[in-house]
$ cat upload_6.cif   # mmCIF, C-alpha atoms
data_target
#
loop_
_atom_site.label_atom_id
_atom_site.label_comp_id
_atom_site.auth_asym_id
_atom_site.auth_seq_id
_atom_site.Cartn_x
_atom_site.Cartn_y
_atom_site.Cartn_z
CA MET A 21 -85.73 17.64 102.19
CA VAL A 22 -85.16 20.20 104.94
CA THR A 23 -81.58 20.12 106.22
CA ARG A 24 -81.43 19.87 110.01
CA GLY A 25 -80.11 23.08 111.51
CA PHE A 26 -79.86 25.07 108.26
CA SER A 27 -81.66 28.39 108.23
CA SER A 28 -81.96 30.95 105.50
CA GLY A 29 -80.47 33.77 107.55
CA ARG A 30 -78.21 34.76 104.70
CA ARG A 31 -80.77 34.73 101.93
CA PRO A 32 -80.70 37.78 99.72
CA PRO A 33 -83.26 40.54 100.27
CA THR A 34 -86.65 39.91 98.73
CA ASP A 35 -86.45 42.58 96.02
CA THR A 36 -83.64 40.68 94.32
CA ASP A 37 -85.07 37.16 94.76
CA ALA A 38 -86.86 37.26 91.43
CA ARG A 39 -83.56 37.89 89.64
CA ILE A 40 -81.78 34.85 91.09
CA PRO A 41 -82.44 31.55 89.26
CA PRO A 42 -83.05 28.39 91.29
CA GLY A 43 -80.00 27.06 93.13
CA GLN A 44 -77.95 30.24 92.54
CA TYR A 45 -76.53 32.70 95.06
CA LEU A 46 -75.63 36.35 94.64
CA GLU A 47 -71.91 37.03 94.17
CA GLN A 48 -70.36 40.51 94.40
CA GLY A 49 -66.96 39.53 92.97
CA PHE A 50 -66.30 38.13 89.52
CA PRO A 51 -64.95 34.58 89.89
CA VAL A 52 -62.72 33.15 87.17
CA LEU A 53 -63.16 29.61 85.87
CA SER A 54 -61.47 27.90 82.97
CA ALA A 55 -60.33 24.45 81.90
CA GLY A 56 -56.70 25.38 81.26
CA PRO A 57 -54.11 28.14 81.41
CA THR A 58 -55.15 31.64 80.37
CA PRO A 59 -54.07 32.24 76.75
CA ARG A 60 -52.53 35.65 76.08
CA VAL A 61 -53.89 36.74 72.72
CA ARG A 62 -52.42 39.96 71.33
CA THR A 63 -54.90 42.10 69.42
CA GLU A 64 -52.48 42.17 66.45
CA ASP A 65 -52.76 38.35 66.33
CA TRP A 66 -56.51 38.34 66.91
CA SER A 67 -59.12 37.50 64.31
CA PHE A 68 -62.73 36.43 64.23
CA THR A 69 -64.04 34.03 61.59
CA LEU A 70 -67.65 33.33 60.75
CA LYS A 71 -68.08 29.88 59.22
CA HIS A 72 -70.76 27.69 57.72
CA GLY A 73 -69.55 24.16 58.41
CA PRO A 74 -65.92 24.05 57.28
CA ARG A 75 -66.37 27.01 54.91
CA PRO A 76 -65.31 30.50 56.07
CA ILE A 77 -67.94 33.14 55.31
CA LYS A 78 -66.01 36.19 56.50
CA LYS A 79 -62.98 36.97 58.63
CA TRP A 80 -62.26 40.21 60.53
CA ASN A 81 -59.02 41.41 62.10
CA TRP A 82 -59.06 43.45 65.32
CA THR A 83 -59.26 46.81 63.55
CA GLU A 84 -61.97 45.69 61.16
CA PHE A 85 -63.99 44.13 63.97
CA ASN A 86 -63.77 47.25 66.12
CA ALA A 87 -65.17 49.28 63.22
CA LEU A 88 -68.48 47.39 63.53
CA PRO A 89 -71.30 49.06 65.52
CA LEU A 90 -70.70 48.89 69.30
CA THR A 91 -73.67 48.14 71.54
CA ARG A 92 -73.97 48.32 75.35
CA MET A 93 -75.46 45.40 77.23
CA THR A 94 -75.91 45.34 81.01
CA ARG A 95 -77.13 41.96 82.20
CA ASP A 96 -77.24 39.56 85.14
CA ILE A 97 -75.01 36.54 84.55
CA HIS A 98 -75.35 33.05 85.98
CA CYS A 99 -72.47 30.56 86.36
CA VAL A 100 -73.22 26.84 86.62
CA THR A 101 -71.01 26.76 89.74
CA ALA A 102 -73.97 28.56 91.35
CA TRP A 103 -72.96 32.21 91.48
CA THR A 104 -75.07 34.94 89.94
CA LYS A 105 -73.72 38.43 89.39
CA PHE A 106 -76.05 41.36 88.78
CA ASP A 107 -75.68 44.19 86.29
CA THR A 108 -72.48 43.25 84.50
CA ALA A 109 -71.82 46.00 81.94
CA TRP A 110 -70.42 45.03 78.57
CA GLN A 111 -69.85 46.69 75.21
CA GLY A 112 -69.36 44.78 72.03
CA VAL A 113 -70.73 43.85 68.64
CA LEU A 114 -74.16 42.22 68.49
CA VAL A 115 -74.16 38.93 66.61
CA ASP A 116 -76.93 40.55 64.54
CA ASP A 117 -74.48 43.22 63.41
CA ILE A 118 -71.80 40.63 62.62
CA LEU A 119 -74.24 38.72 60.42
CA ALA A 120 -75.38 41.96 58.77
CA ASP A 121 -71.78 42.90 57.99
CA ALA A 122 -71.28 39.46 56.46
CA GLY A 123 -74.51 39.93 54.53
CA ILE A 124 -76.15 36.71 55.71
CA GLU A 125 -79.04 35.36 57.74
CA PRO A 126 -78.29 32.34 59.97
CA PRO A 127 -77.84 29.53 57.39
CA THR A 128 -78.55 26.78 59.96
CA ALA A 129 -80.29 26.52 63.34
CA PHE A 130 -77.16 25.65 65.35
CA THR A 131 -73.73 27.08 66.07
CA LEU A 132 -70.49 26.24 67.77
CA ALA A 133 -68.49 29.09 69.28
CA HIS A 134 -64.73 28.50 69.09
CA SER A 135 -61.87 29.86 71.16
CA PHE A 136 -58.13 30.39 70.76
CA ASP A 137 -57.38 27.68 73.35
CA GLY A 138 -59.41 25.03 71.53
CA TYR A 139 -62.50 25.49 73.72
CA SER A 140 -65.88 25.27 72.06
CA THR A 141 -69.51 25.51 73.12
CA ASN A 142 -72.75 25.05 71.22
CA VAL A 143 -75.49 27.67 71.14
CA PRO A 144 -78.63 27.52 68.98
CA ALA A 145 -78.65 30.27 66.35
CA LYS A 146 -81.91 31.69 67.71
CA ASP A 147 -80.15 32.36 71.05
CA LEU A 148 -77.50 34.50 69.34
CA VAL A 149 -79.74 36.81 67.29
CA ALA A 150 -82.47 39.40 67.97
CA GLY A 151 -80.23 41.34 70.33
CA LYS A 152 -79.71 38.42 72.68
CA ALA A 153 -75.96 37.97 72.31
CA MET A 154 -72.79 39.84 71.42
CA VAL A 155 -69.09 39.48 70.99
CA ALA A 156 -68.00 41.58 73.98
CA LEU A 157 -64.87 43.74 73.73
CA LEU A 158 -65.19 45.90 76.85
CA TYR A 159 -66.19 45.15 80.45
CA GLU A 160 -67.13 48.16 82.58
CA GLY A 161 -65.72 50.40 79.88
CA LYS A 162 -62.26 48.79 79.76
CA PRO A 163 -60.72 46.09 77.56
CA ILE A 164 -61.64 42.64 78.90
CA THR A 165 -58.70 41.23 80.88
CA PRO A 166 -57.21 37.92 79.71
CA ASP A 167 -58.56 35.94 82.69
CA HIS A 168 -62.09 37.10 81.84
CA GLY A 169 -61.69 36.13 78.19
CA GLY A 170 -60.10 39.16 76.52
CA PRO A 171 -59.52 40.41 73.91
CA ALA A 172 -63.06 39.25 73.01
CA ARG A 173 -65.56 36.85 74.50
CA LEU A 174 -69.01 35.70 73.56
CA LEU A 175 -71.79 37.06 75.79
CA VAL A 176 -74.99 34.99 75.89
CA PRO A 177 -76.25 36.16 79.28
CA HIS A 178 -79.54 34.26 79.31
CA LEU A 179 -77.70 30.91 79.34
CA TYR A 180 -75.26 29.57 81.96
CA PHE A 181 -72.02 31.45 81.59
CA TRP A 182 -69.91 28.58 80.20
CA LYS A 183 -71.81 29.30 76.96
CA SER A 184 -70.21 32.75 76.89
CA ALA A 185 -66.94 31.43 75.47
CA LYS A 186 -63.75 33.25 76.46
CA TRP A 187 -60.94 34.08 74.00
CA LEU A 188 -63.41 33.79 71.14
CA ASN A 189 -62.05 33.45 67.63
CA GLY A 190 -65.08 32.39 65.66
CA VAL A 191 -68.65 31.22 65.34
CA GLN A 192 -69.45 28.26 63.11
CA PHE A 193 -72.92 27.41 61.87
CA THR A 194 -73.51 23.65 62.06
CA GLU A 195 -76.17 21.43 60.52
CA ARG A 196 -76.76 19.56 63.79
CA ASP A 197 -76.64 20.59 67.46
CA GLU A 198 -73.05 19.49 68.14
CA PRO A 199 -71.94 19.39 71.77
CA GLY A 200 -68.91 21.53 72.66
CA PHE A 201 -66.19 21.11 75.27
CA TRP A 202 -68.21 21.02 78.50
CA GLU A 203 -71.28 19.58 76.81
CA LEU A 204 -69.14 16.52 75.97
CA ARG A 205 -68.04 16.38 79.63
CA GLY A 206 -71.32 16.08 81.46
CA TYR A 207 -72.81 19.56 81.13
CA HIS A 208 -76.22 20.34 79.68
CA ILE A 209 -76.63 20.71 75.93
CA TYR A 210 -78.64 23.98 76.28
CA GLY A 211 -78.01 25.40 79.78
CA ASP A 212 -81.02 27.54 80.73
CA PRO A 213 -80.41 28.75 84.31
CA TRP A 214 -84.14 29.36 84.92
CA ARG A 215 -84.83 25.69 84.17
CA GLU A 216 -81.68 24.73 86.10
CA GLN A 217 -80.20 22.82 83.16
CA ARG A 218 -76.77 22.31 84.70
CA TYR A 219 -75.80 18.76 83.81
CA SER A 220 -76.68 16.45 80.95
CA GLY A 221 -79.87 14.63 81.79
CA ASP A 222 -81.38 17.61 83.65
CA PRO A 223 -84.85 18.21 82.23
CA MET B 11 -87.76 22.04 89.17
CA SER B 12 -84.69 20.68 90.84
CA GLU B 13 -86.64 17.92 92.61
CA ALA B 14 -86.89 16.06 89.34
CA ALA B 15 -84.59 13.09 89.17
CA THR B 16 -82.05 13.26 86.37
CA ALA B 17 -80.71 10.50 84.22
CA GLN B 18 -77.05 10.75 85.13
CA SER B 19 -76.69 12.06 88.65
CA PRO B 20 -79.91 12.45 90.61
CA TRP B 21 -80.07 14.13 93.99
CA GLN B 22 -79.64 11.64 96.79
CA THR B 23 -79.33 11.74 100.53
CA ALA B 24 -75.99 10.88 102.07
CA LYS B 25 -75.36 10.33 105.76
CA ILE B 26 -72.34 11.80 107.54
CA ILE B 27 -70.54 8.83 109.07
CA ARG B 28 -67.27 10.48 110.12
CA ILE B 29 -65.96 13.96 110.77
CA GLU B 30 -62.24 14.60 110.96
CA LYS B 31 -60.54 17.92 111.55
CA ARG B 32 -57.68 18.22 109.05
CA THR B 33 -56.31 21.68 109.77
CA PRO B 34 -57.58 24.67 111.76
CA ARG B 35 -59.73 25.70 108.77
CA VAL B 36 -60.39 22.44 106.94
CA THR B 37 -62.53 19.54 108.15
CA SER B 38 -63.27 16.31 106.33
CA PHE B 39 -66.78 14.90 106.21
CA VAL B 40 -67.21 11.29 105.12
CA PHE B 41 -70.60 10.46 103.65
CA LYS B 42 -72.29 7.12 103.11
CA LEU B 43 -74.17 7.35 99.82
CA SER B 44 -77.75 6.09 99.64
CA ARG B 45 -77.22 5.52 95.91
CA PRO B 46 -73.57 4.49 95.61
CA PHE B 47 -71.60 5.68 92.58
CA VAL B 48 -68.04 5.23 91.41
CA HIS B 49 -66.45 8.59 90.62
CA GLN B 50 -63.28 9.44 88.73
CA ALA B 51 -60.48 10.97 90.76
CA GLY B 52 -60.81 14.76 90.40
CA GLN B 53 -64.60 14.91 90.11
CA HIS B 54 -66.88 16.88 92.41
CA VAL B 55 -70.36 16.71 93.88
CA ASP B 56 -72.95 19.43 94.30
CA VAL B 57 -74.28 19.74 97.83
CA ARG B 58 -77.52 21.52 98.65
CA LEU B 59 -78.94 22.63 101.96
CA THR B 60 -82.63 23.41 102.36
CA ALA B 61 -84.07 25.75 105.00
CA PRO B 62 -87.54 25.22 106.52
CA ASP B 63 -88.87 28.08 104.34
CA GLY B 64 -87.67 26.34 101.18
CA TYR B 65 -84.56 28.45 100.59
CA GLN B 66 -81.74 26.36 99.16
CA ALA B 67 -78.02 26.96 99.08
CA ARG B 68 -75.83 24.91 96.79
CA ARG B 69 -72.06 24.56 96.45
CA SER B 70 -69.68 22.28 94.61
CA TYR B 71 -67.06 20.31 96.55
CA SER B 72 -64.29 18.16 95.14
CA ILE B 73 -64.14 14.55 96.28
CA ALA B 74 -60.98 13.81 98.30
CA SER B 75 -61.41 10.04 98.49
CA ALA B 76 -60.33 7.49 95.90
CA PRO B 77 -62.92 5.94 93.57
CA GLU B 78 -62.05 2.68 95.33
CA SER B 79 -63.52 3.91 98.64
CA GLY B 80 -66.67 1.88 98.05
CA GLY B 81 -69.97 3.66 98.64
CA THR B 82 -68.51 6.47 100.72
CA ILE B 83 -67.01 9.79 99.71
CA GLU B 84 -64.87 12.25 101.63
CA LEU B 85 -65.30 15.98 101.19
CA ALA B 86 -62.67 18.22 102.78
CA ILE B 87 -64.43 21.52 103.37
CA GLU B 88 -62.63 24.77 104.09
CA ARG B 89 -64.47 27.19 106.33
CA LEU B 90 -65.09 30.44 104.47
CA GLU B 91 -66.06 33.25 106.83
CA ASP B 92 -68.56 34.84 104.47
CA GLY B 93 -69.94 31.54 103.20
CA GLU B 94 -73.35 30.09 103.85
CA VAL B 95 -72.66 26.40 103.27
CA SER B 96 -69.18 25.84 104.73
CA PRO B 97 -70.06 27.47 108.12
CA PHE B 98 -73.04 25.10 108.32
CA PHE B 99 -70.73 22.11 107.96
CA HIS B 100 -68.21 23.46 110.45
CA GLU B 101 -70.67 24.63 113.10
CA VAL B 102 -73.85 22.59 112.74
CA ALA B 103 -73.32 19.27 110.96
CA VAL B 104 -72.78 16.19 113.15
CA VAL B 105 -72.33 12.48 112.48
CA GLY B 106 -75.69 10.98 111.53
CA ASP B 107 -76.97 14.06 109.69
CA GLU B 108 -78.37 13.50 106.22
CA ILE B 109 -77.34 15.87 103.44
CA GLU B 110 -78.53 16.08 99.84
CA LEU B 111 -75.94 15.79 97.13
CA ARG B 112 -75.63 14.82 93.49
CA GLY B 113 -72.73 13.53 91.49
CA PRO B 114 -70.21 12.57 90.39
CA LEU B 115 -69.81 15.69 88.23
CA GLY B 116 -67.18 17.10 85.89
CA GLY B 117 -65.36 15.30 83.11
CA HIS B 118 -62.19 17.29 82.44
CA PHE B 119 -60.22 17.63 85.68
CA VAL B 120 -60.07 13.86 86.09
CA TRP B 121 -57.39 11.20 86.04
CA SER B 122 -57.46 7.44 86.07
CA ASP B 123 -54.53 5.03 86.32
CA SER B 124 -55.33 3.86 82.79
CA ASP B 125 -54.68 7.42 81.49
CA GLY B 126 -51.03 6.89 82.36
CA GLY B 127 -48.40 9.46 83.27
CA PRO B 128 -46.13 10.78 84.61
CA LEU B 129 -48.20 13.46 86.29
CA ILE B 130 -47.32 16.75 87.86
CA LEU B 131 -49.97 17.87 90.34
CA VAL B 132 -49.90 21.40 91.71
CA GLY B 133 -52.25 22.39 94.53
CA GLY B 134 -52.71 25.53 96.59
CA GLY B 135 -54.48 25.24 99.95
CA SER B 136 -57.77 23.37 99.65
CA GLY B 137 -56.99 23.03 95.93
CA VAL B 138 -55.15 19.87 96.95
CA VAL B 139 -58.46 18.04 97.49
CA PRO B 140 -59.13 16.70 93.95
CA LEU B 141 -55.38 16.00 93.60
CA MET B 142 -55.56 13.93 96.80
CA ALA B 143 -58.22 11.77 95.14
CA MET B 144 -55.74 11.15 92.28
CA VAL B 145 -52.91 10.30 94.68
CA ARG B 146 -55.15 7.97 96.66
CA HIS B 147 -56.44 6.36 93.45
CA ARG B 148 -52.84 5.72 92.41
CA THR B 149 -52.13 4.09 95.77
CA ALA B 150 -55.32 2.01 95.76
CA ARG B 151 -54.52 0.74 92.26
CA LYS B 152 -50.88 0.06 93.18
CA SER B 153 -50.18 2.08 90.05
CA SER B 154 -46.67 2.43 88.70
CA VAL B 155 -47.39 5.88 87.25
CA SER B 156 -44.90 8.44 88.55
CA VAL B 157 -46.54 11.39 90.26
CA ALA B 158 -45.04 14.57 91.70
CA LEU B 159 -47.32 16.65 93.91
CA VAL B 160 -46.27 20.23 94.60
CA PHE B 161 -48.44 21.50 97.42
CA SER B 162 -48.37 25.12 98.51
CA ALA B 163 -49.71 26.05 101.95
CA ARG B 164 -49.23 29.09 104.11
CA ILE B 165 -47.84 27.20 107.12
CA TRP B 166 -46.95 23.64 108.13
CA ASP B 167 -50.13 23.27 110.20
CA GLU B 168 -52.28 24.13 107.18
CA VAL B 169 -50.91 21.28 105.06
CA ILE B 170 -54.10 19.27 104.53
CA PHE B 171 -53.58 15.46 104.60
CA ARG B 172 -49.99 16.11 105.79
CA ASP B 173 -49.31 12.88 107.66
CA GLU B 174 -50.86 10.72 104.95
CA LEU B 175 -48.93 12.49 102.19
CA ILE B 176 -45.60 12.22 104.01
CA LYS B 177 -46.21 8.52 104.63
CA LEU B 178 -46.89 7.99 100.93
CA ASP B 179 -43.79 10.01 100.04
CA ASP B 180 -41.69 7.82 102.38
CA ARG B 181 -42.63 4.70 100.43
CA ARG B 182 -40.44 5.89 97.54
CA ASP B 183 -42.64 4.04 95.06
CA GLY B 184 -42.88 6.74 92.42
CA PHE B 185 -44.88 9.31 94.38
CA ASP B 186 -42.98 12.46 95.30
CA LEU B 187 -44.28 15.13 97.65
CA VAL B 188 -42.87 18.64 97.46
CA LEU B 189 -44.24 21.08 100.01
CA THR B 190 -43.80 24.81 99.76
CA LEU B 191 -44.74 27.05 102.66
CA THR B 192 -45.36 30.69 101.85
CA ARG B 193 -45.27 32.04 105.42
CA GLU B 194 -42.93 29.69 107.25
CA ALA B 195 -39.55 28.06 106.82
CA ALA B 196 -39.42 24.67 105.09
CA ARG B 197 -39.33 21.67 107.45
CA ARG B 198 -37.98 18.96 105.14
CA PRO B 199 -34.86 19.13 102.96
CA GLU B 200 -36.86 18.66 99.72
CA ASP B 201 -39.31 21.44 100.56
CA TYR B 202 -39.41 25.13 99.74
CA SER B 203 -40.38 28.29 101.50
CA ARG B 204 -41.67 30.60 98.78
CA ARG B 205 -44.40 31.00 96.21
CA ILE B 206 -44.45 28.62 93.27
CA ASP B 207 -42.16 29.59 90.38
CA ALA B 208 -40.76 28.06 87.19
CA GLN B 209 -37.55 26.89 88.86
CA MET B 210 -39.52 24.99 91.51
CA MET B 211 -41.61 23.40 88.74
CA MET B 212 -38.48 22.38 86.83
CA GLN B 213 -36.84 20.88 89.92
CA SER B 214 -40.06 19.05 90.84
CA MET B 215 -40.48 17.63 87.35
CA ALA B 216 -36.86 16.48 87.45
CA ARG B 217 -38.06 13.96 90.06
CA LEU B 218 -40.12 12.28 87.32
CA PRO B 219 -38.49 9.72 85.02
CA GLU B 220 -39.68 11.64 81.95
CA PRO B 221 -41.60 14.86 81.20
CA PRO B 222 -45.21 14.83 82.43
CA ARG B 223 -47.98 13.57 80.21
CA LEU B 224 -50.49 15.74 82.07
CA ALA B 225 -50.44 18.55 84.63
CA PHE B 226 -53.30 19.26 87.02
CA VAL B 227 -53.42 22.61 88.82
CA CYS B 228 -56.04 23.50 91.43
CA GLY B 229 -56.47 26.36 93.88
CA SER B 230 -57.60 29.96 94.04
CA ASN B 231 -57.70 31.87 90.77
CA ALA B 232 -54.52 33.79 91.60
CA PHE B 233 -52.73 30.57 92.55
CA VAL B 234 -53.80 28.71 89.41
CA SER B 235 -52.82 31.59 87.14
CA ALA B 236 -49.35 31.78 88.71
CA ALA B 237 -48.80 28.02 88.86
CA ALA B 238 -49.99 27.43 85.27
CA GLN B 239 -47.66 30.18 84.07
CA ALA B 240 -44.79 28.64 86.06
CA LEU B 241 -45.43 25.31 84.33
CA ILE B 242 -45.50 26.98 80.92
CA ASP B 243 -42.25 28.80 81.76
CA ALA B 244 -40.83 25.39 82.70
CA ASP B 245 -41.63 24.22 79.15
CA VAL B 246 -44.82 22.27 79.83
CA PRO B 247 -47.02 22.62 76.72
CA PRO B 248 -50.20 24.59 77.65
CA GLY B 249 -52.35 21.87 76.09
CA LEU B 250 -51.23 19.39 78.77
CA ILE B 251 -52.27 21.64 81.66
CA ARG B 252 -55.72 21.18 83.18
CA THR B 253 -56.91 23.71 85.71
CA GLU B 254 -59.62 24.02 88.29
CA ARG B 255 -60.16 27.33 90.06
CA TYR B 256 -61.93 28.00 93.32
CA GLY B 257 -63.86 31.19 93.69
CA VAL B 258 -62.68 34.73 93.19
#
$ encode --input "upload_6.cif" --output "structure tokens"
Amino acid sequence: MVTRGFSSGRRPPTDTDARIPPGQYLEQGFPVLSAGPTPRVRTEDWSFTLKHGPRPIKKWNWTEFNALPLTRMTRDIHCVTAWTKFDTAWQGVLVDDILADAGIEPPTAFTLAHSFDGYSTNVPAKDLVAGKAMVALLYEGKPITPDHGGPARLLVPHLYFWKSAKWLNGVQFTERDEPGFWELRGYHIYGDPWREQRYSGDP
Amino acid sequence: MSEAATAQSPWQTAKIIRIEKRTPRVTSFVFKLSRPFVHQAGQHVDVRLTAPDGYQARRSYSIASAPESGGTIELAIERLEDGEVSPFFHEVAVVGDEIELRGPLGGHFVWSDSDGGPLILVGGGSGVVPLMAMVRHRTARKSSVSVALVFSARIWDEVIFRDELIKLDDRRDGFDLVLTLTREAARRPEDYSRRIDAQMMMQSMARLPEPPRLAFVCGSNAFVSAAAQALIDADVPPGLIRTERYGV
């Protein structure tokens, strides 16, 4: 339905159109969204635990985790609140390298990412491996600030950004696809921005 | 694509039936829904505008009206100078226009009378909008839940819903309004003239019969960060604080 009197005078230039998923607009800033207060996690208190169901597979402290191979990833990111930001530059540890250090292959097809504030989000295992996702430690070369999820956040840039859990403290392999925090509150179970899977029930 | 109807909240057309200027920068638009829904206080809708060439712009707006408003919803939209949707509403939209929207959306920043209280609500600028839906819901339900609303605005004339809020405050029925103006002197004895801090939170919560069961904080990112920290410094457990942040 065409909206009376609305014109596309502000649409982005054509050469970037192909990088903007349906219903998104280009944002230059870096908006902050979260469900609660920003937790302040000190790196000396930080840890990351890989689990299979309730069973811990391996746990790293900050020093141990930072000794894992660091990879750069520069990607466009897409928030379900409709902003897209181009070329965000991260450094962190690929989930592939975390699994390699733990000496495992994904034991199940599903995961839940967990955060220090109790947040969780589900991501299929196949979306975390093969170089698709990392635990990010640096943004634009500097430690990630607390409001953007520091000390460490998940980065799954090909899905809506609520999947890139802030204040990450672990990834848990699950037998079933278990909805996380927002997925239990009306948001899509998978969240592909190119298929515009914003809310539960979207195709 | 996005034309496909969805199970929970399909796109629908809604007709603008009333436009009311709230402050110099905020105007309310009341929509009659073609597919009526009952929202929860605090939820939002997504609005999308479509240009003749197919370009679409979409934004989320919190619902200001109570769930009891029966087939209509009020959106209070702040004009953002570099926006593409809010200038359309402020400059182009007139009563009778049909707009596409979907909702209600969001399941965390919500409150219903049956959730109980007391509540402390903290809003900055247009961040008061979803809190207004909670206050109006409380009134519509004749709820006995005690609610304190701390509302920060730059100046008196930018206090959205000012007359309605002061009227509700004057009823002395368990709703307390605390205004704080950051660029003007306070006008009422219970009000402040500074940014939100822990002492203001403590004094505002002292108006409640017992510590809050939930806190809702909404506004710009900087506002929400400061207000949530002020609540934590005033001994509100972080797990009770729900936040919603607008923009950068």
$ closest_atom_pairs --input "upload_6.cif" --of "chain B" --to "chain A" --cutoff "7 Å" --atoms "only C-alpha atoms" --output "CSV"
residue,atom,partner,partner_atom,distance
B:Met11,CA,A:Arg215,CA,6.8
B:Ser12,CA,A:Glu216,CA,6.9
B:Thr16,CA,A:Asp222,CA,5.2
B:Ala17,CA,A:Gly221,CA,4.9
B:Gln18,CA,A:Gly221,CA,5.8
B:Leu59,CA,A:Thr23,CA,5.6
B:Thr60,CA,A:Val22,CA,4.8
B:Ala61,CA,A:Ser27,CA,4.8
B:Pro62,CA,A:Val22,CA,5.8
B:Tyr65,CA,A:Ser28,CA,6.1
B:Gln66,CA,A:Gly43,CA,6.3
B:Ala67,CA,A:Gly43,CA,6.3
B:Arg68,CA,A:Gly43,CA,6.0
B:Arg69,CA,A:Ala102,CA,6.8
B:Ser70,CA,A:Thr101,CA,6.7
B:Glu94,CA,A:Arg30,CA,6.8
B:Phe98,CA,A:Phe26,CA,6.8
B:Val102,CA,A:Gly25,CA,6.4
B:Ile109,CA,A:Thr23,CA,6.6
B:Leu115,CA,A:Gly206,CA,6.9
B:Gly116,CA,A:Gly206,CA,6.1
B:Gly117,CA,A:Arg205,CA,4.5
B:His118,CA,A:Arg205,CA,6.6
B:Asn231,CA,A:Val52,CA,6.3
B:Ser235,CA,A:Pro57,CA,6.8
B:Ala238,CA,A:Pro57,CA,5.7
B:Pro248,CA,A:Pro57,CA,6.5
B:Ile251,CA,A:Gly56,CA,5.8
B:Arg252,CA,A:Gly56,CA,4.7
B:Thr253,CA,A:Gly56,CA,4.8
B:Glu254,CA,A:Ala55,CA,6.4
B:Arg255,CA,A:Leu53,CA,5.6
B:Gly257,CA,A:Pro51,CA,5.2
B:Val258,CA,A:Pro51,CA,4.0
$ atom_distance --input "upload_6.cif" --atom1 "CA of Trp187 in chain A" --atom2 "CA of Gly200 in chain A"
14.9 Å
$ residues_around --input "upload_6.cif" --residues "Pro247 in chain B" --least-positions-apart "3" --cutoff "10 Å" --atoms "all atoms listed in the file" --output "list in words"
Pro222, Arg223, Leu224, Ala225, Leu241, Ile242, Asp243, Ala244, Leu250 and Ile251 of chain B
$ resolve_selection --input "upload_6.cif" --expression "the PyMOL selection byres ((chain B and resi 112-114) around 9)" --output "PDB file with C-alpha atoms, in the coordinates of the input"
ATOM      1  CA  GLN B  18     -77.050  10.750  85.130  1.00  0.00           C
ATOM      2  CA  SER B  19     -76.690  12.060  88.650  1.00  0.00           C
ATOM      3  CA  PRO B  20     -79.910  12.450  90.610  1.00  0.00           C
ATOM      4  CA  TRP B  21     -80.070  14.130  93.990  1.00  0.00           C
ATOM      5  CA  GLN B  22     -79.640  11.640  96.790  1.00  0.00           C
ATOM      6  CA  THR B  23     -79.330  11.740 100.530  1.00  0.00           C
ATOM      7  CA  PHE B  47     -71.600   5.680  92.580  1.00  0.00           C
ATOM      8  CA  VAL B  48     -68.040   5.230  91.410  1.00  0.00           C
ATOM      9  CA  HIS B  49     -66.450   8.590  90.620  1.00  0.00           C
ATOM     10  CA  GLN B  50     -63.280   9.440  88.730  1.00  0.00           C
ATOM     11  CA  GLN B  53     -64.600  14.910  90.110  1.00  0.00           C
ATOM     12  CA  HIS B  54     -66.880  16.880  92.410  1.00  0.00           C
ATOM     13  CA  VAL B  55     -70.360  16.710  93.880  1.00  0.00           C
ATOM     14  CA  ASP B  56     -72.950  19.430  94.300  1.00  0.00           C
ATOM     15  CA  VAL B  57     -74.280  19.740  97.830  1.00  0.00           C
ATOM     16  CA  ARG B  58     -77.520  21.520  98.650  1.00  0.00           C
ATOM     17  CA  ILE B  73     -64.140  14.550  96.280  1.00  0.00           C
ATOM     18  CA  GLU B 110     -78.530  16.080  99.840  1.00  0.00           C
ATOM     19  CA  LEU B 111     -75.940  15.790  97.130  1.00  0.00           C
ATOM     20  CA  LEU B 115     -69.810  15.690  88.230  1.00  0.00           C
ATOM     21  CA  GLY B 116     -67.180  17.100  85.890  1.00  0.00           C
TER      22      GLY B 116
END
$ resolve_selection --input "upload_6.cif" --expression "the PyMOL selection byres ((chain B and resi 24-37) around 6)" --output "list in words"
Thr23, Ser38, Phe39, Val40, Phe41, Lys42, Leu43, Ser44, Ala86, Ile87, Glu88, Arg89, Val105, Gly106, Asp107, Glu108, Ile109, Glu168 and Ile170 of chain B
$ atom_distance --input "upload_6.cif" --atom1 "CA of Ala74 in chain B" --atom2 "CA of Pro140 in chain B"
5.5 Å
$ decode --input "upload_6.cif" --residues "range 37-42 of chain B" --atoms "N, CA and C atoms" --output "compact mmCIF listing (two decimals), in the first residue's frame"
# COMPACT_ATOMS: atom_id res chain seq x y z
N THR B 37 3.82 15.11 18.89
CA THR B 37 2.41 15.14 18.51
C THR B 37 1.84 13.73 18.63
N SER B 38 0.63 13.66 19.14
CA SER B 38 -0.05 12.36 19.25
C SER B 38 -0.92 12.12 18.03
N PHE B 39 -0.88 10.89 17.56
CA PHE B 39 -1.73 10.44 16.46
C PHE B 39 -2.56 9.27 16.99
N VAL B 40 -3.88 9.40 16.88
CA VAL B 40 -4.75 8.32 17.33
C VAL B 40 -5.26 7.59 16.09
N PHE B 41 -5.05 6.27 16.11
CA PHE B 41 -5.41 5.43 14.96
C PHE B 41 -6.59 4.54 15.29
N LYS B 42 -7.49 4.38 14.33
CA LYS B 42 -8.52 3.35 14.44
C LYS B 42 -8.01 2.13 13.69
